[in-house]
>>> print(open('entry-v5.csv').read())   # CSV, C-alpha atoms
chain,number,residue,atom,x,y,z
Q,535,MET,CA,102.8,70.0,80.7
Q,536,PRO,CA,103.6,73.5,81.9
Q,537,LYS,CA,107.0,74.2,83.3
Q,538,GLY,CA,107.2,73.9,87.1
Q,539,MET,CA,104.3,71.5,87.2
Q,540,GLN,CA,106.4,68.6,85.9
Q,541,ASN,CA,107.9,68.3,89.4
Q,542,PHE,CA,104.5,67.5,90.7
Q,543,GLN,CA,103.8,64.7,88.2
Q,544,PRO,CA,102.2,61.8,90.1
Q,545,GLN,CA,103.5,58.3,89.7
Q,546,PHE,CA,100.4,56.8,88.2
Q,547,LEU,CA,101.8,53.4,87.2
Q,548,LEU,CA,103.4,52.9,90.6
Q,549,LEU,CA,100.1,53.7,92.4
Q,550,VAL,CA,98.1,51.4,90.2
Q,551,THR,CA,100.7,48.6,90.6
Q,552,LEU,CA,100.8,49.1,94.4
Q,553,PHE,CA,97.0,49.0,94.5
Q,554,TRP,CA,96.9,45.6,92.8
Q,555,VAL,CA,99.6,44.3,95.2
Q,556,ILE,CA,97.3,45.3,98.1
Q,557,ALA,CA,94.1,44.1,96.5
Q,558,LEU,CA,95.2,40.8,94.8
Q,559,PRO,CA,98.4,39.8,96.6
Q,560,GLN,CA,98.0,36.2,95.3
Q,561,ASN,CA,98.1,37.4,91.6
Q,562,VAL,CA,100.2,40.5,91.6
Q,563,GLY,CA,103.5,40.4,93.4
Q,564,ILE,CA,107.1,41.5,93.1
Q,565,GLY,CA,107.6,39.9,89.7
Q,566,ILE,CA,104.7,41.8,88.0
Q,567,SER,CA,105.7,45.0,89.7
Q,568,TRP,CA,109.3,44.5,88.4
Q,569,VAL,CA,108.0,44.0,84.8
Q,570,ASN,CA,105.8,47.1,85.1
Q,571,GLY,CA,108.8,49.1,86.3
Q,572,LEU,CA,110.8,47.7,83.3
Q,573,PHE,CA,108.1,49.0,80.9
Q,574,LEU,CA,108.3,52.4,82.6
Q,575,ASP,CA,112.0,52.4,82.0
Q,576,GLY,CA,111.5,51.6,78.4
Q,577,LEU,CA,109.0,54.4,78.0
Q,578,GLN,CA,111.0,57.0,79.9
Q,579,GLY,CA,114.3,56.2,78.4
Q,580,THR,CA,115.9,55.8,81.8
Q,581,LEU,CA,118.5,53.2,82.5
Q,582,LEU,CA,116.9,49.7,82.1
Q,583,GLY,CA,116.1,48.3,85.5
Q,584,GLU,CA,116.1,51.6,87.5
Q,585,ASN,CA,112.3,51.9,88.0
Q,586,ALA,CA,112.0,48.1,87.9
Q,587,LEU,CA,114.2,47.8,91.0
Q,588,SER,CA,112.4,50.4,93.0
Q,589,PHE,CA,109.0,49.0,91.9
Q,590,ALA,CA,110.0,45.6,93.2
Q,591,ILE,CA,111.3,46.9,96.5
Q,592,LEU,CA,108.1,48.9,97.1
Q,593,ALA,CA,106.0,45.9,96.1
Q,594,TYR,CA,107.9,43.8,98.6
Q,595,ILE,CA,107.4,46.3,101.5
Q,596,LEU,CA,103.7,46.6,100.7
Q,597,TYR,CA,103.4,42.8,100.4
Q,598,LYS,CA,104.9,42.4,103.8
Q,599,ILE,CA,102.6,44.9,105.5
Q,600,GLN,CA,99.4,44.2,103.4
Q,601,HIS,CA,97.3,42.9,106.3
Q,602,ARG,CA,97.9,46.0,108.5
Q,603,PHE,CA,97.7,48.3,105.5
Q,604,ARG,CA,94.1,47.2,104.6
Q,605,LEU,CA,93.0,48.1,108.1
Q,606,LEU,CA,94.3,51.7,108.0
Q,607,SER,CA,91.9,54.6,107.4
Q,608,ALA,CA,92.0,56.3,104.0
Q,609,VAL,CA,94.0,59.3,105.4
Q,610,ILE,CA,96.7,57.1,107.0
Q,611,GLN,CA,96.9,55.0,103.9
Q,612,SER,CA,97.6,58.2,101.9
Q,613,VAL,CA,100.3,59.2,104.4
Q,614,SER,CA,101.9,55.8,104.0
Q,615,ILE,CA,101.7,56.1,100.2
Q,616,PHE,CA,103.5,59.4,100.5
Q,617,PHE,CA,106.4,57.8,102.3
Q,618,LEU,CA,106.5,54.9,99.9
Q,619,VAL,CA,106.6,57.1,96.9
Q,620,MET,CA,109.3,59.2,98.7
Q,621,LEU,CA,111.3,56.0,99.0
Q,622,ASN,CA,110.8,55.4,95.3
Q,623,GLN,CA,112.0,58.9,94.4
Q,624,ILE,CA,115.0,58.6,96.7
Q,625,LEU,CA,116.0,55.2,95.1
Q,626,LEU,CA,115.6,56.7,91.6
Q,627,PHE,CA,117.6,59.8,92.4
Q,628,TRP,CA,120.2,57.7,94.1
Q,629,LEU,CA,120.5,55.5,91.0
Q,630,GLN,CA,120.5,58.5,88.7
Q,631,GLY,CA,123.1,60.2,90.8
Q,632,ILE,CA,125.4,57.2,90.4
Q,633,GLN,CA,125.2,57.6,86.7
Q,634,GLY,CA,126.2,61.3,87.0
Q,635,GLN,CA,122.9,62.8,86.1
Q,636,TYR,CA,121.6,66.0,87.4
Q,637,VAL,CA,119.3,65.6,90.5
Q,638,ALA,CA,116.8,68.2,91.6
Q,639,TRP,CA,116.5,66.6,95.0
Q,640,ILE,CA,114.3,69.3,96.6
Q,641,TRP,CA,111.5,68.6,94.1
Q,642,PHE,CA,110.8,65.0,94.6
Q,643,PHE,CA,108.5,65.8,97.5
Q,644,GLY,CA,106.1,67.3,94.9
Q,645,SER,CA,105.6,64.0,93.1
Q,646,ALA,CA,105.2,62.1,96.4
Q,647,LEU,CA,102.6,64.7,97.5
Q,648,THR,CA,100.4,64.5,94.4
Q,649,SER,CA,100.7,60.7,94.4
Q,650,ALA,CA,99.5,60.6,98.0
Q,651,LEU,CA,96.6,62.9,97.2
Q,652,LEU,CA,95.6,60.7,94.2
Q,653,TRP,CA,95.8,57.5,96.2
Q,654,PRO,CA,92.2,57.6,97.6
Q,655,TRP,CA,90.7,58.3,94.2
Q,656,ILE,CA,92.7,55.6,92.4
Q,657,SER,CA,91.8,53.0,95.1
Q,658,LEU,CA,88.2,54.1,94.9
Q,659,VAL,CA,88.1,53.7,91.1
Q,660,LEU,CA,89.9,50.4,91.1
Q,661,THR,CA,87.9,49.0,94.0
Q,662,SER,CA,84.7,49.7,92.0
Q,663,CYS,CA,86.3,48.0,89.0
Q,664,ILE,CA,86.9,44.9,91.2
Q,665,ASN,CA,83.3,44.9,92.4
Q,666,TYR,CA,81.9,45.5,88.9
Q,667,PHE,CA,83.9,42.8,87.1
Q,668,ARG,CA,83.7,40.5,90.2
Q,669,ILE,CA,87.5,39.9,90.2
Q,670,GLN,CA,88.5,37.3,92.7
V,1475,MET,CA,121.6,47.9,84.9
V,1476,VAL,CA,125.3,47.8,84.8
V,1477,GLY,CA,125.1,46.0,81.4
V,1478,GLU,CA,123.0,48.7,79.9
V,1479,HIS,CA,125.2,51.4,81.3
V,1480,HIS,CA,128.1,49.9,79.3
V,1481,GLN,CA,126.0,49.6,76.1
V,1482,ASN,CA,125.5,45.9,76.1
V,1483,SER,CA,124.0,44.5,73.0
V,1484,ILE,CA,121.5,42.2,74.8
V,1485,THR,CA,120.0,45.0,76.8
V,1486,LYS,CA,119.8,47.0,73.6
V,1487,LYS,CA,117.6,44.2,72.2
V,1488,ILE,CA,115.5,44.1,75.4
V,1489,ARG,CA,114.9,47.9,75.1
V,1490,GLU,CA,114.0,47.6,71.5
V,1491,GLY,CA,111.5,44.8,72.3
V,1492,ILE,CA,109.9,46.9,75.1
V,1493,SER,CA,109.5,49.9,72.9
V,1494,ILE,CA,107.9,47.8,70.2
V,1495,ILE,CA,105.4,46.5,72.8
V,1496,LEU,CA,104.8,50.1,74.0
V,1497,THR,CA,104.3,51.7,70.6
V,1498,PRO,CA,100.5,51.3,70.5
V,1499,ILE,CA,100.2,52.6,74.0
V,1500,VAL,CA,102.2,55.7,73.1
V,1501,TYR,CA,100.2,56.3,70.0
V,1502,LEU,CA,96.9,55.9,72.0
V,1503,SER,CA,98.1,58.5,74.5
V,1504,HIS,CA,98.7,60.9,71.6
V,1505,ILE,CA,95.1,60.6,70.3
V,1506,PRO,CA,93.4,63.1,72.8
V,1507,PHE,CA,96.0,65.8,71.9
V,1508,ALA,CA,95.7,65.1,68.2
V,1509,THR,CA,91.8,65.2,68.3
V,1510,PHE,CA,92.0,68.4,70.3
V,1511,ASP,CA,94.2,70.0,67.7
V,1512,SER,CA,92.0,68.9,64.8
V,1513,LEU,CA,88.9,70.1,66.7
V,1514,ALA,CA,90.6,73.5,67.2
V,1515,ASN,CA,91.3,73.6,63.4
V,1516,ASN,CA,87.7,72.7,62.5
V,1517,LEU,CA,86.2,75.3,64.8
V,1518,GLN,CA,88.0,78.3,63.4
V,1519,ASP,CA,85.7,80.7,61.6
V,1520,ARG,CA,85.9,81.6,57.9
V,1521,ALA,CA,87.3,85.1,58.3
V,1522,GLN,CA,90.1,83.7,60.4
V,1523,LEU,CA,91.0,81.0,57.9
V,1524,ILE,CA,90.9,83.5,55.0
V,1525,ASN,CA,93.3,85.8,57.0
V,1526,GLU,CA,95.6,82.9,57.8
V,1527,ASN,CA,95.6,81.8,54.1
V,1528,ALA,CA,96.6,85.3,53.0
V,1529,THR,CA,99.5,85.5,55.5
V,1530,LEU,CA,100.7,82.1,54.4
V,1531,ARG,CA,100.6,83.0,50.8
V,1532,ALA,CA,102.6,86.1,51.5
V,1533,SER,CA,105.2,84.2,53.4
V,1534,VAL,CA,105.5,81.6,50.6
V,1535,MET,CA,106.1,84.5,48.1
V,1536,LEU,CA,108.8,86.0,50.3
V,1537,LEU,CA,110.5,82.6,50.8
V,1538,GLN,CA,110.3,81.8,47.1
V,1539,GLY,CA,112.0,85.1,46.4
V,1540,ARG,CA,114.8,84.4,48.8
V,1541,LEU,CA,115.2,80.9,47.4
V,1542,GLN,CA,115.7,82.3,43.9
V,1543,ARG,CA,118.6,84.4,45.2
V,1544,LEU,CA,119.9,81.4,47.1
V,1545,GLU,CA,120.0,79.3,43.9
V,1546,ALA,CA,121.9,82.0,42.1
V,1547,LEU,CA,124.4,82.2,45.0
V,1548,GLN,CA,124.8,78.4,45.0
V,1549,THR,CA,125.8,78.3,41.3
V,1550,GLU,CA,128.1,81.2,41.8
V,1551,ASN,CA,129.7,79.5,44.8
V,1552,LYS,CA,130.2,76.3,42.8
V,1553,GLU,CA,131.9,78.3,40.0
V,1554,LEU,CA,134.2,80.2,42.4
V,1555,ARG,CA,135.1,76.9,44.1
V,1556,SER,CA,136.0,75.3,40.8
V,1557,LEU,CA,138.1,78.4,40.0
V,1558,LEU,CA,139.9,77.9,43.3
V,1559,GLN,CA,140.2,74.2,42.4
V,1560,SER,CA,138.9,73.2,45.9
V,1561,SER,CA,136.6,70.3,46.4
V,1562,PRO,CA,132.9,71.1,46.2
V,1563,VAL,CA,130.8,70.9,49.3
V,1564,THR,CA,127.7,68.7,48.9
V,1565,HIS,CA,124.6,70.2,50.3
V,1566,HIS,CA,122.1,67.7,48.9
V,1567,ILE,CA,119.8,66.7,51.7
V,1568,LYS,CA,116.7,64.6,52.0
V,1569,VAL,CA,114.1,65.6,54.7
V,1570,LEU,CA,111.1,63.9,56.2
V,1571,LEU,CA,108.4,65.5,58.3
V,1572,ALA,CA,107.6,63.9,61.6
V,1573,ASP,CA,105.1,64.7,64.3
V,1574,VAL,CA,106.1,65.2,67.9
V,1575,ILE,CA,104.2,62.8,70.2
V,1576,SER,CA,102.8,64.9,73.1
V,1577,LEU,CA,104.1,62.6,75.8
V,1578,GLN,CA,106.7,63.8,78.3
V,1579,LEU,CA,107.2,61.1,80.8
V,1580,ASN,CA,110.5,61.9,82.3
V,1581,PRO,CA,110.5,65.4,83.7
V,1582,TYR,CA,114.3,65.4,84.3
V,1583,SER,CA,115.5,64.9,80.8
V,1584,GLN,CA,115.1,67.0,77.6
V,1585,GLU,CA,113.8,64.4,75.2
V,1586,ILE,CA,110.9,64.1,72.7
V,1587,MET,CA,109.3,61.2,70.9
V,1588,LEU,CA,108.6,61.3,67.1
V,1589,ASN,CA,106.1,59.2,65.2
V,1590,LYS,CA,108.6,58.0,62.7
V,1591,GLY,CA,110.9,55.0,63.2
V,1592,ASN,CA,113.4,52.8,61.3
V,1593,LYS,CA,110.5,51.7,58.9
V,1594,SER,CA,110.8,55.2,57.5
V,1595,GLY,CA,114.6,55.0,57.5
V,1596,VAL,CA,115.3,56.9,60.7
V,1597,PHE,CA,118.6,56.0,62.3
V,1598,VAL,CA,120.4,56.6,65.6
V,1599,GLY,CA,122.5,59.8,65.4
V,1600,GLN,CA,120.3,61.5,62.8
V,1601,ALA,CA,119.9,65.2,63.0
V,1602,VAL,CA,116.4,66.7,63.8
V,1603,LEU,CA,115.5,70.3,62.8
V,1604,ASP,CA,112.6,72.6,63.0
V,1605,ALA,CA,111.9,75.6,60.8
V,1606,TYR,CA,114.3,77.8,62.8
V,1607,GLY,CA,117.3,75.6,63.5
V,1608,ILE,CA,118.7,72.4,64.8
V,1609,MET,CA,116.7,70.7,67.6
V,1610,GLY,CA,118.7,67.6,68.5
V,1611,GLN,CA,119.6,64.1,67.4
V,1612,VAL,CA,117.9,60.7,67.4
V,1613,ILE,CA,119.2,58.5,70.2
V,1614,GLU,CA,116.8,55.5,70.1
V,1615,VAL,CA,114.8,54.0,67.2
V,1616,SER,CA,112.1,51.3,67.1
V,1617,PRO,CA,110.0,50.5,64.0
V,1618,TYR,CA,107.4,53.2,64.4
V,1619,MET,CA,108.9,55.5,67.0
V,1620,SER,CA,112.1,57.3,67.8
V,1621,ARG,CA,113.5,59.2,70.7
V,1622,VAL,CA,115.3,62.5,70.2
V,1623,LEU,CA,117.8,64.1,72.6
V,1624,LEU,CA,117.4,67.8,72.4
V,1625,ILE,CA,120.4,70.1,72.3
V,1626,SER,CA,119.2,71.7,75.5
V,1627,ASP,CA,119.9,68.5,77.5
V,1628,PRO,CA,123.1,68.5,79.5
V,1629,LYS,CA,124.1,65.2,77.9
V,1630,SER,CA,124.1,66.8,74.5
V,1631,GLY,CA,127.0,68.5,72.7
V,1632,ILE,CA,126.9,70.1,69.3
V,1633,PRO,CA,129.9,71.4,67.3
V,1634,ILE,CA,129.4,74.9,66.0
V,1635,GLN,CA,131.1,77.8,64.3
V,1636,ASN,CA,130.7,81.5,64.8
V,1637,SER,CA,129.3,83.0,61.5
V,1638,ARG,CA,131.1,86.3,62.1
V,1639,THR,CA,134.6,85.2,63.1
V,1640,GLY,CA,134.7,81.5,62.1
V,1641,LEU,CA,135.6,80.4,65.6
V,1642,HIS,CA,134.9,76.8,66.3
V,1643,GLY,CA,133.4,75.4,69.5
V,1644,ILE,CA,131.0,73.0,71.2
V,1645,LEU,CA,127.7,73.9,72.8
V,1646,ASN,CA,126.4,71.9,75.7
V,1647,GLY,CA,122.9,71.9,77.2
V,1648,GLN,CA,122.3,73.6,80.5
V,1649,GLU,CA,120.2,72.6,83.5
V,1650,LYS,CA,116.9,74.4,83.9
V,1651,THR,CA,117.6,77.6,82.0
V,1652,GLY,CA,116.9,76.2,78.5
V,1653,LEU,CA,120.0,78.0,77.3
V,1654,LEU,CA,123.1,76.4,75.8
V,1655,ASN,CA,126.6,76.7,77.3
V,1656,TRP,CA,129.6,77.5,75.1
V,1657,SER,CA,132.5,76.4,77.2
V,1658,ASN,CA,136.3,76.4,76.9
V,1659,VAL,CA,136.6,79.7,75.0
V,1660,SER,CA,139.8,81.5,75.6
V,1661,PRO,CA,139.3,85.0,77.3
V,1662,ASN,CA,140.8,86.9,74.3
V,1663,ALA,CA,138.5,85.3,71.8
V,1664,ASP,CA,136.3,87.6,69.7
V,1665,VAL,CA,132.7,86.7,70.8
V,1666,LYS,CA,130.0,89.3,71.1
V,1667,VAL,CA,126.3,89.3,72.2
V,1668,GLY,CA,124.2,88.7,69.1
V,1669,ASP,CA,126.7,86.5,67.2
V,1670,LYS,CA,124.9,83.9,65.2
V,1671,LEU,CA,126.3,80.3,65.6
V,1672,PHE,CA,125.9,77.7,62.9
V,1673,SER,CA,126.6,74.0,63.0
V,1674,SER,CA,130.1,73.2,61.8
V,1675,GLY,CA,129.5,69.6,60.8
V,1676,LEU,CA,132.6,68.4,62.6
V,1677,GLY,CA,132.0,65.0,64.3
V,1678,GLY,CA,129.7,64.0,61.5
V,1679,HIS,CA,126.4,63.8,63.4
V,1680,TYR,CA,124.9,67.2,62.5
V,1681,PRO,CA,124.7,68.6,58.9
V,1682,VAL,CA,126.8,71.7,58.1
V,1683,GLY,CA,125.6,75.3,58.1
V,1684,TYR,CA,122.3,75.2,60.0
V,1685,PRO,CA,121.5,77.8,62.6
V,1686,VAL,CA,122.0,76.6,66.2
V,1687,GLY,CA,121.7,79.7,68.3
V,1688,GLU,CA,122.6,83.2,69.1
V,1689,VAL,CA,124.9,84.5,71.9
V,1690,VAL,CA,122.9,86.2,74.6
V,1691,ARG,CA,125.5,86.7,77.3
V,1692,VAL,CA,129.3,86.8,77.5
V,1693,ASN,CA,130.7,86.7,81.0
V,1694,LYS,CA,134.3,87.7,81.5
V,1695,HIS,CA,135.7,86.9,84.9
V,1696,THR,CA,139.3,88.0,85.2
V,1697,ALA,CA,140.0,85.1,87.6
V,1698,ASP,CA,138.7,82.4,85.2
V,1699,GLN,CA,140.7,80.8,82.4
V,1700,PHE,CA,137.8,80.7,80.0
V,1701,LEU,CA,134.8,82.8,79.0
V,1702,GLU,CA,131.3,81.9,80.1
V,1703,ILE,CA,129.0,82.2,77.2
V,1704,ASP,CA,125.3,81.6,77.1
V,1705,VAL,CA,123.6,80.8,73.8
V,1706,ALA,CA,119.8,80.9,73.1
V,1707,PRO,CA,118.9,78.1,70.7
V,1708,SER,CA,117.3,79.2,67.4
V,1709,ALA,CA,114.9,76.2,67.3
V,1710,LYS,CA,111.7,76.5,69.2
V,1711,ILE,CA,112.7,73.6,71.3
V,1712,ASN,CA,109.7,73.3,73.6
V,1713,SER,CA,106.9,74.3,71.3
V,1714,SER,CA,107.5,72.6,68.0
V,1715,GLU,CA,104.8,70.1,67.0
V,1716,GLN,CA,106.4,69.1,63.7
V,1717,VAL,CA,110.0,68.5,63.0
V,1718,LEU,CA,112.3,67.6,60.1
V,1719,LEU,CA,114.5,64.5,60.0
V,1720,VAL,CA,117.5,65.1,57.8
V,1721,TRP,CA,119.5,62.7,55.6
V,1722,SER,CA,122.6,64.0,53.8
V,1723,VAL,CA,122.8,62.4,50.4
V,1724,GLU,CA,126.3,62.2,48.8
>>> encode(input="entry-v5.csv", output="structure tokens")
Amino acid sequence: MPKGMQNFQPQFLLLVTLFWVIALPQNVGIGISWVNGLFLDGLQGTLLGENALSFAILAYILYKIQHRFRLLSAVIQSVSIFFLVMLNQILLFWLQGIQGQYVAWIWFFGSALTSALLWPWISLVLTSCINYFRIQ
Amino acid sequence: MVGEHHQNSITKKIREGISIILTPIVYLSHIPFATFDSLANNLQDRAQLINENATLRASVMLLQGRLQRLEALQTENKELRSLLQSSPVTHHIKVLLADVISLQLNPYSQEIMLNKGNKSGVFVGQAVLDAYGIMGQVIEVSPYMSRVLLISDPKSGIPIQNSRTGLHGILNGQEKTGLLNWSNVSPNADVKVGDKLFSSGLGGHYPVGYPVGEVVRVNKHTADQFLEIDVAPSAKINSSEQVLLVWSVE
């Protein structure tokens, strides 16, 4: 990835996890989100539980507002995703700051922005997956 | 989280388990890059390949020539050392070629993944080199993968020696610039721009006598107690596709 673009890396795993929390709240909840976050921690080499905690918190928030969230228009959904991913970034940077790591705080808008722009496409692709495989 | 921060053994096992589960995913993600590379190789035309072959042959000749001189110097060094009755320095090393997996997940740390793990004998703390110098050390191993902390990461420190004056020191990584920082050098120390720095082998992690970097900037503030020295790493840290893992054999 070219230098400078890495600050705009979208949170793919987070988006996909949040989509399943919205789409299948009876199957995918806080627990599975936490496990996904733990895998991301293992892959990124960050402190074990860092992403897991923030994934679980976001899944909880989305789980609570799922009925309202589904009624929102695509644009408003993207805006909400922007703020949710921002929250994820803030939690991560907070946790990394406690460990004494360097935090480029100004750049975590970038990742939230690209994630919000990606959300409609991810939800489109995964919704067609649901329809195609007839997932209940 | 607290447990892992304090290097708990249970969390170490959990992490190892996770990386074993994730190994196939990481390898899968590397496939597109690898196929693109092999495609690029296959699509080169004949003239280009002949040209490349010629330059490679020439460079092998040059390197062989230099190696001959090196062997002569090595035996001479051994004789001189025996004359001085000092203990000989062992320079026998074993190396293994590893591929860098093109997967950079965490944009805020300077780490790379290699496609060799403890099934190939890789261990935590092992030094990683490329053709030009030291790149970093292994910080995490699973059976088929390992994670390398590059010397440009702020968490990394490497003991070095100035080849011109013999001055010892430690280089730390710097944020953003990609340069290394030589800190705690007294203001009257003899350091010039262009000085070559080699690993000193103190601390036992890195092997002795490999190029680490070159001094690019020496800042002297009269108010400060120490010099501020920037060092450019010799290794091509961000563009190496293959690296060497080093074992020192006694």
>>> closest_atom_pairs(input="entry-v5.csv", of="chain Q", to="chain V", cutoff="6 Å", atoms="all atoms listed in the file", output="Markdown table")
| residue | atom | partner | partner_atom | distance |
| --- | --- | --- | --- | --- |
| Q:Gln540 | CA | V:Pro1581 | CA | 5.6 |
| Q:Gly576 | CA | V:Ile1492 | CA | 6.0 |
| Q:Gln578 | CA | V:Asn1580 | CA | 5.5 |
| Q:Leu582 | CA | V:Met1475 | CA | 5.8 |
| Q:Gly583 | CA | V:Met1475 | CA | 5.5 |
>>> closest_residue(input="entry-v5.csv", among="Q:Ile615, Q:Ile595, Q:Ala608, Q:Val562", to="Thr648 of chain Q", atoms="all atoms listed in the file")
Q:Ile615
>>> closest_residue(input="entry-v5.csv", among="Q:Leu547, Q:Leu651, Q:Met620, Q:Leu660", to="Leu577 of chain Q", atoms="all atoms listed in the file")
Q:Leu547
>>> atom_distance(input="entry-v5.csv", atom1="atom CA of Pro1681 of chain V", atom2="atom CA of Ala1601 of chain V")
7.2 Å
>>> atom_distance(input="entry-v5.csv", atom1="atom CA of Glu584 of chain Q", atom2="atom CA of Pro654 of chain Q")
26.6 Å
>>> residues_around(input="entry-v5.csv", residues="Ile669 of chain Q", least_positions_apart="5", cutoff="12 Å", atoms="all atoms listed in the file", output="list in words")
Trp554, Ala557, Leu558, Asn561, Leu660, Thr661, Ser662, Cys663 and Ile664 of chain Q
